[in-house]
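*Asks:* For reference, this is start-v4.pdb, and it has PDB, C-alpha atoms, pLDDT in the B column.
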```
ATOM      1  CA  MET A 179     104.893 117.665  98.968  1.00 40.00           C
ATOM      2  CA  GLN A 180     106.457 116.970 102.368  1.00 53.00           C
ATOM      3  CA  ASN A 181     104.206 115.576 105.109  1.00 59.00           C
ATOM      4  CA  MET A 182     104.358 117.950 108.093  1.00 80.00           C
ATOM      5  CA  ASP A 183     104.171 116.287 111.513  1.00 85.00           C
ATOM      6  CA  TYR A 184     103.244 119.309 113.661  1.00 92.00           C
ATOM      7  CA  ASP A 185     100.793 117.337 115.801  1.00 94.00           C
ATOM      8  CA  GLY A 186     103.400 114.615 116.361  1.00 95.00           C
ATOM      9  CA  ILE A 187     106.038 117.189 117.279  1.00 97.00           C
ATOM     10  CA  LEU A 188     103.662 118.953 119.684  1.00 97.00           C
ATOM     11  CA  ALA A 189     102.801 115.626 121.339  1.00 97.00           C
ATOM     12  CA  PHE A 190     106.507 114.798 121.580  1.00 98.00           C
ATOM     13  CA  ILE A 191     107.258 118.172 123.239  1.00 98.00           C
ATOM     14  CA  ASP A 192     104.440 117.606 125.757  1.00 98.00           C
ATOM     15  CA  HIS A 193     105.842 114.163 126.594  1.00 98.00           C
ATOM     16  CA  LEU A 194     109.388 115.555 126.833  1.00 98.00           C
ATOM     17  CA  ALA A 195     108.365 118.330 129.262  1.00 97.00           C
ATOM     18  CA  GLU A 196     106.340 115.930 131.401  1.00 97.00           C
ATOM     19  CA  ALA A 197     109.062 113.255 131.635  1.00 97.00           C
ATOM     20  CA  GLY A 198     111.880 115.741 132.228  1.00 97.00           C
ATOM     21  CA  SER A 199     109.983 117.829 134.755  1.00 97.00           C
ATOM     22  CA  HIS A 200     109.323 114.710 136.839  1.00 97.00           C
ATOM     23  CA  TYR A 201     112.887 113.328 136.510  1.00 97.00           C
ATOM     24  CA  ARG A 202     111.716 110.105 134.839  1.00 97.00           C
ATOM     25  CA  MET A 203     115.191 109.094 133.705  1.00 96.00           C
ATOM     26  CA  THR A 204     114.348 105.924 131.772  1.00 97.00           C
ATOM     27  CA  GLU A 205     111.691 107.776 129.795  1.00 97.00           C
ATOM     28  CA  MET A 206     114.037 110.716 129.229  1.00 97.00           C
ATOM     29  CA  ASP A 207     116.767 108.424 127.946  1.00 97.00           C
ATOM     30  CA  ALA A 208     114.502 107.274 125.120  1.00 97.00           C
ATOM     31  CA  LEU A 209     113.665 110.880 124.145  1.00 98.00           C
ATOM     32  CA  TYR A 210     117.238 112.077 123.514  1.00 98.00           C
ATOM     33  CA  THR A 211     119.852 110.933 121.017  1.00 97.00           C
ATOM     34  CA  GLU A 212     123.167 109.671 122.361  1.00 96.00           C
ATOM     35  CA  ASP A 213     125.044 112.482 120.591  1.00 96.00           C
ATOM     36  CA  LEU A 214     122.928 115.196 122.240  1.00 96.00           C
ATOM     37  CA  GLY A 215     124.495 118.634 122.426  1.00 95.00           C
ATOM     38  CA  PHE A 216     122.929 120.808 125.150  1.00 96.00           C
ATOM     39  CA  LEU A 217     124.058 124.438 124.820  1.00 97.00           C
ATOM     40  CA  VAL A 218     123.472 127.049 127.525  1.00 96.00           C
ATOM     41  CA  LEU A 219     124.307 130.760 127.469  1.00 94.00           C
ATOM     42  CA  THR A 220     126.024 131.541 130.770  1.00 91.00           C
ATOM     43  CA  ASN A 221     125.923 134.823 132.666  1.00 88.00           C
ATOM     44  CA  ASP A 222     129.441 135.702 131.481  1.00 93.00           C
ATOM     45  CA  GLY A 223     128.311 135.616 127.840  1.00 92.00           C
ATOM     46  CA  THR A 224     129.853 132.293 126.862  1.00 95.00           C
ATOM     47  CA  ILE A 225     128.212 129.097 125.691  1.00 97.00           C
ATOM     48  CA  THR A 226     128.651 125.957 127.765  1.00 96.00           C
ATOM     49  CA  ARG A 227     128.052 122.607 126.091  1.00 97.00           C
ATOM     50  CA  PHE A 228     126.774 119.646 128.083  1.00 96.00           C
ATOM     51  CA  SER A 229     126.626 116.076 126.848  1.00 96.00           C
ATOM     52  CA  LYS A 230     123.642 113.817 127.394  1.00 97.00           C
ATOM     53  CA  GLN A 231     125.496 112.138 130.263  1.00 97.00           C
ATOM     54  CA  GLU A 232     126.239 115.473 131.973  1.00 97.00           C
ATOM     55  CA  MET A 233     122.694 116.755 131.587  1.00 95.00           C
ATOM     56  CA  PHE A 234     121.223 113.479 132.815  1.00 97.00           C
ATOM     57  CA  ALA A 235     123.574 113.438 135.833  1.00 97.00           C
ATOM     58  CA  GLU A 236     122.087 116.776 136.939  1.00 96.00           C
ATOM     59  CA  PHE A 237     118.507 115.543 136.574  1.00 96.00           C
ATOM     60  CA  GLN A 238     119.365 112.246 138.320  1.00 97.00           C
ATOM     61  CA  SER A 239     120.993 114.152 141.190  1.00 97.00           C
ATOM     62  CA  ARG A 240     117.935 116.373 141.612  1.00 96.00           C
ATOM     63  CA  ARG A 241     115.642 113.350 141.610  1.00 97.00           C
ATOM     64  CA  ASP A 242     117.810 111.448 144.104  1.00 97.00           C
ATOM     65  CA  ALA A 243     117.934 114.499 146.410  1.00 97.00           C
ATOM     66  CA  GLY A 244     114.122 114.599 146.473  1.00 97.00           C
ATOM     67  CA  GLU A 245     113.736 117.882 144.582  1.00 96.00           C
ATOM     68  CA  GLU A 246     110.172 118.862 143.758  1.00 96.00           C
ATOM     69  CA  PRO A 247     109.103 118.327 140.125  1.00 97.00           C
ATOM     70  CA  LEU A 248     109.745 121.173 137.732  1.00 97.00           C
ATOM     71  CA  LEU A 249     106.953 123.127 136.129  1.00 96.00           C
ATOM     72  CA  THR A 250     105.857 121.970 132.694  1.00 95.00           C
ATOM     73  CA  GLU A 251     105.015 125.553 131.654  1.00 96.00           C
ATOM     74  CA  LYS A 252     105.833 126.083 128.006  1.00 97.00           C
ATOM     75  CA  ARG A 253     104.575 127.733 124.865  1.00 97.00           C
ATOM     76  CA  VAL A 254     105.593 126.447 121.439  1.00 97.00           C
ATOM     77  CA  LEU A 255     106.309 129.519 119.332  1.00 97.00           C
ATOM     78  CA  HIS A 256     107.436 127.982 116.051  1.00 97.00           C
ATOM     79  CA  ILE A 257     108.010 124.609 114.402  1.00 97.00           C
ATOM     80  CA  GLU A 258     109.929 123.866 111.228  1.00 96.00           C
ATOM     81  CA  ASP A 259     109.531 120.277 110.062  1.00 94.00           C
ATOM     82  CA  GLN A 260     112.060 119.225 107.418  1.00 93.00           C
ATOM     83  CA  GLY A 261     110.987 115.588 107.285  1.00 92.00           C
ATOM     84  CA  GLU A 262     113.661 113.650 109.164  1.00 95.00           C
ATOM     85  CA  THR A 263     114.696 116.696 111.213  1.00 97.00           C
ATOM     86  CA  ALA A 264     112.764 119.527 112.809  1.00 97.00           C
ATOM     87  CA  THR A 265     113.352 122.626 114.895  1.00 98.00           C
ATOM     88  CA  ALA A 266     110.998 123.838 117.606  1.00 98.00           C
ATOM     89  CA  ILE A 267     111.261 127.191 119.371  1.00 98.00           C
ATOM     90  CA  LEU A 268     109.711 127.403 122.835  1.00 97.00           C
ATOM     91  CA  TYR A 269     109.130 129.693 125.749  1.00 97.00           C
ATOM     92  CA  ARG A 270     109.815 127.558 128.839  1.00 96.00           C
ATOM     93  CA  ARG A 271     109.694 128.164 132.584  1.00 95.00           C
ATOM     94  CA  MET A 272     110.707 125.356 134.924  1.00 95.00           C
ATOM     95  CA  SER A 273     110.203 127.114 138.263  1.00 94.00           C
ATOM     96  CA  ASP A 274     108.936 130.314 139.822  1.00 93.00           C
ATOM     97  CA  ARG A 275     112.476 130.628 141.221  1.00 93.00           C
ATOM     98  CA  ALA A 276     114.190 130.298 137.826  1.00 91.00           C
ATOM     99  CA  SER A 277     114.245 132.596 134.842  1.00 90.00           C
ATOM    100  CA  ALA A 278     112.083 131.861 131.861  1.00 93.00           C
ATOM    101  CA  ALA A 279     114.094 130.628 128.903  1.00 95.00           C
ATOM    102  CA  PHE A 280     114.080 130.588 125.113  1.00 96.00           C
ATOM    103  CA  TYR A 281     114.559 126.981 123.989  1.00 97.00           C
ATOM    104  CA  GLU A 282     115.548 125.791 120.563  1.00 98.00           C
ATOM    105  CA  LEU A 283     114.980 122.050 120.217  1.00 98.00           C
ATOM    106  CA  ARG A 284     116.760 120.344 117.321  1.00 98.00           C
ATOM    107  CA  LEU A 285     114.838 117.157 116.628  1.00 98.00           C
ATOM    108  CA  ARG A 286     115.741 114.084 114.595  1.00 98.00           C
ATOM    109  CA  ARG A 287     113.634 111.086 113.614  1.00 96.00           C
ATOM    110  CA  VAL A 288     115.083 107.838 114.868  1.00 96.00           C
ATOM    111  CA  ASN A 289     113.268 104.689 113.753  1.00 95.00           C
ATOM    112  CA  GLY A 290     110.204 106.807 112.984  1.00 94.00           C
ATOM    113  CA  ASP A 291     110.074 108.574 116.370  1.00 96.00           C
ATOM    114  CA  TRP A 292     111.195 112.086 117.293  1.00 97.00           C
ATOM    115  CA  ARG A 293     114.268 112.459 119.512  1.00 98.00           C
ATOM    116  CA  VAL A 294     116.060 115.558 120.783  1.00 98.00           C
ATOM    117  CA  ALA A 295     119.457 115.786 119.104  1.00 98.00           C
ATOM    118  CA  GLY A 296     120.234 119.246 120.486  1.00 98.00           C
ATOM    119  CA  GLU A 297     118.931 121.987 122.738  1.00 97.00           C
ATOM    120  CA  THR A 298     119.971 125.611 123.031  1.00 98.00           C
ATOM    121  CA  VAL A 299     118.843 127.537 126.101  1.00 96.00           C
ATOM    122  CA  LEU A 300     118.989 131.339 126.211  1.00 94.00           C
ATOM    123  CA  PRO A 301     117.510 133.903 128.612  1.00 91.00           C
ATOM    124  CA  TRP A 302     113.984 134.902 127.687  1.00 91.00           C
ATOM    125  CA  PRO A 303     114.130 138.434 126.260  1.00 86.00           C
ATOM    126  CA  ASP A 304     112.074 141.281 127.614  1.00 82.00           C
ATOM    127  CA  PRO A 305     109.886 141.944 124.548  1.00 79.00           C
ATOM    128  CA  ALA A 306     109.689 145.651 125.437  1.00 79.00           C
ATOM    129  CA  SER A 307     113.464 145.953 125.025  1.00 79.00           C
ATOM    130  CA  VAL A 308     113.747 144.063 121.738  1.00 78.00           C
ATOM    131  CA  THR A 309     114.587 146.443 118.909  1.00 81.00           C
ATOM    132  CA  GLY A 310     115.303 143.859 116.217  1.00 82.00           C
ATOM    133  CA  PHE A 311     118.410 142.083 115.088  1.00 81.00           C
ATOM    134  CA  LEU A 312     119.151 144.652 112.368  1.00 86.00           C
ATOM    135  CA  PRO A 313     119.366 148.386 112.978  1.00 83.00           C
ATOM    136  CA  PRO A 314     116.598 150.565 111.550  1.00 81.00           C
ATOM    137  CA  ARG A 315     117.074 151.508 107.894  1.00 86.00           C
ATOM    138  CA  THR A 316     118.474 154.945 107.266  1.00 89.00           C
ATOM    139  CA  ARG A 317     117.770 154.982 103.545  1.00 90.00           C
TER
END
```
Would it be possible to restate this file's structure as structure tokens?
*Replies:*
Amino acid sequence: MQNMDYDGILAFIDHLAEAGSHYRMTEMDALYTEDLGFLVLTNDGTITRFSKQEMFAEFQSRRDAGEEPLLTEKRVLHIEDQGETATAILYRRMSDRASAAFYELRLRRVNGDWRVAGETVLPWPDPASVTGFLPPRTR
């Protein structure tokens, strides 16, 4: 039977949110793989992909400009641990002035430690408007 590392993944996510929200670039660098793919749904309905370097440039710029730290508000909704890889689904809000987001973290073990290999960020859905991904059955 596979050993599930939920506690380790939860601790990793806490560390990730804390380091990223405070623009601690050296710490962040160690938490992401070099081949990171950061996918964001844009307001025109397309997906934009950012590399690790592009994402880090934005965080570095915010830090250097003296931006206030981001909120660490999050709620882990689901974890799937497949051993050397894992997926975590989160509710995440980084600011009272920014929309809440649905995050999918694609994790990979590197030398025994979790790293983010990919992130997908989508708008947080209004649960009252969610009708399901399939239409209701008619038969």
*Asks:* For a test of reading the model, state the distance in Å between atom CA of A:Asp274 and atom CA of A:Gly198, rounded to one decimal.
*Replies:*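 Rounded to one decimal, the two atoms are 16.7 Å apart.
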*Asks:* The centre and edge lengths of an axis-aligned box containing all atoms of stretch 186-204 of chain A present in the file, extended by 8 Å on each side, are to be given in Å to one decimal, as AutoDock Vina command-line options.
*Replies:*
```
--center_x 109.0 --center_y 112.4 --center_z 126.6 --size_x 28.4 --size_y 29.0 --size_z 36.5
```
*Asks:* Using only C-alpha atoms, which of A:Met233, A:Ile191, A:Leu214, A:Ala279 sits nearest A:Pro303?
*Replies:*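 With only C-alpha atoms as the atom set, the closest residue is A:Ala279.
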*Asks:* Just give me the gap between atom CA of A:Glu232 and atom CA of A:Gly215 in Å, one decimal is fine.
*Replies:*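 Between atom CA of A:Glu232 and atom CA of A:Gly215 the gap is 10.2 Å.
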*Asks:* Evaluate the PyMOL selection byres ((chain A and resi 201) around 7) against this structure - the residues, as a PyMOL selection string, please.
*Replies:* chain A and resi 197-200+202-203+237-238+241
*Asks:* For the selection just defined, write its residues with C-alpha atoms to a file, as a JSON list (two decimals), keeping the file's coordinate frame.
*Replies:*
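So the final result, stored in result.json, reads:
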```json
[["chain", "number", "residue", "atom", "x", "y", "z"],
["A", 197, "ALA", "CA", 109.06, 113.26, 131.64],
["A", 198, "GLY", "CA", 111.88, 115.74, 132.23],
["A", 199, "SER", "CA", 109.98, 117.83, 134.76],
["A", 200, "HIS", "CA", 109.32, 114.71, 136.84],
["A", 202, "ARG", "CA", 111.72, 110.10, 134.84],
["A", 203, "MET", "CA", 115.19, 109.09, 133.71],
["A", 237, "PHE", "CA", 118.51, 115.54, 136.57],
["A", 238, "GLN", "CA", 119.36, 112.25, 138.32],
["A", 241, "ARG", "CA", 115.64, 113.35, 141.61]]
```
*Asks:* To verify the selection step, state as a ChimeraX atom specification which residues the PyMOL selection byres ((chain A and resi 249-251) around 12) yields on this input.
*Replies:* /A:191-201,246-248,252-254,268-276,278-279
*Asks:* Would you mind putting back all heavy atoms on stretch 295-306 of chain A, then writing it out as a short mmCIF file (atom, residue, chain, number, x, y, z; two decimals), in the coordinates of the input?
*Replies:*
```
data_model
loop_
_atom_site.label_atom_id
_atom_site.label_comp_id
_atom_site.auth_asym_id
_atom_site.auth_seq_id
_atom_site.Cartn_x
_atom_site.Cartn_y
_atom_site.Cartn_z
N ALA A 295 118.05 115.91 119.45
CA ALA A 295 119.46 115.79 119.10
C ALA A 295 120.25 116.97 119.64
O ALA A 295 121.48 116.89 119.78
CB ALA A 295 119.62 115.69 117.59
N GLY A 296 119.56 118.08 119.95
CA GLY A 296 120.23 119.25 120.49
C GLY A 296 119.25 120.21 121.09
O GLY A 296 118.09 120.29 120.68
N GLU A 297 119.71 120.93 122.11
CA GLU A 297 118.93 121.99 122.74
C GLU A 297 119.84 123.19 122.92
O GLU A 297 121.01 123.04 123.26
CB GLU A 297 118.42 121.58 124.13
CG GLU A 297 117.35 120.55 124.13
CD GLU A 297 116.75 120.33 125.53
OE1 GLU A 297 116.67 121.28 126.33
OE2 GLU A 297 116.36 119.20 125.80
N THR A 298 119.29 124.36 122.70
CA THR A 298 119.97 125.61 123.03
C THR A 298 119.06 126.37 123.96
O THR A 298 117.86 126.52 123.68
CB THR A 298 120.27 126.45 121.77
OG1 THR A 298 121.06 125.66 120.87
CG2 THR A 298 121.02 127.72 122.11
N VAL A 299 119.62 126.82 125.09
CA VAL A 299 118.84 127.54 126.10
C VAL A 299 119.44 128.93 126.27
O VAL A 299 120.64 129.07 126.54
CB VAL A 299 118.85 126.79 127.45
CG1 VAL A 299 118.01 127.52 128.48
CG2 VAL A 299 118.37 125.36 127.27
N LEU A 300 118.58 129.93 126.08
CA LEU A 300 118.99 131.34 126.21
C LEU A 300 118.03 132.04 127.15
O LEU A 300 116.88 131.63 127.29
CB LEU A 300 118.94 132.03 124.84
CG LEU A 300 119.73 131.38 123.70
CD1 LEU A 300 119.33 131.98 122.37
CD2 LEU A 300 121.21 131.55 123.96
N PRO A 301 118.45 133.14 127.78
CA PRO A 301 117.51 133.90 128.61
C PRO A 301 116.34 134.39 127.77
O PRO A 301 116.50 134.75 126.61
CB PRO A 301 118.34 135.09 129.11
CG PRO A 301 119.75 134.73 128.87
CD PRO A 301 119.77 133.76 127.73
N TRP A 302 115.17 134.39 128.37
CA TRP A 302 113.98 134.90 127.69
C TRP A 302 114.11 136.42 127.59
O TRP A 302 114.32 137.07 128.60
CB TRP A 302 112.71 134.50 128.43
CG TRP A 302 111.50 134.95 127.70
CD1 TRP A 302 110.69 136.01 128.01
CD2 TRP A 302 110.97 134.40 126.48
NE1 TRP A 302 109.69 136.13 127.08
CE2 TRP A 302 109.85 135.15 126.13
CE3 TRP A 302 111.36 133.33 125.68
CZ2 TRP A 302 109.09 134.87 125.00
CZ3 TRP A 302 110.60 133.06 124.56
CH2 TRP A 302 109.48 133.81 124.23
N PRO A 303 113.97 136.98 126.40
CA PRO A 303 114.13 138.43 126.26
C PRO A 303 112.92 139.19 126.78
O PRO A 303 111.79 138.68 126.76
CB PRO A 303 114.26 138.61 124.74
CG PRO A 303 113.50 137.46 124.16
CD PRO A 303 113.69 136.32 125.13
N ASP A 304 113.17 140.39 127.25
CA ASP A 304 112.07 141.28 127.61
C ASP A 304 111.57 141.87 126.30
O ASP A 304 112.27 142.66 125.66
CB ASP A 304 112.58 142.38 128.54
CG ASP A 304 111.53 143.44 128.81
OD1 ASP A 304 110.36 143.28 128.41
OD2 ASP A 304 111.90 144.46 129.42
N PRO A 305 110.37 141.48 125.85
CA PRO A 305 109.89 141.94 124.55
C PRO A 305 109.89 143.48 124.40
O PRO A 305 110.08 143.99 123.31
CB PRO A 305 108.47 141.38 124.46
CG PRO A 305 108.50 140.18 125.33
CD PRO A 305 109.43 140.54 126.46
N ALA A 306 109.71 144.19 125.51
CA ALA A 306 109.69 145.65 125.44
C ALA A 306 111.05 146.22 125.07
O ALA A 306 111.16 147.33 124.55
CB ALA A 306 109.22 146.24 126.77
#
```
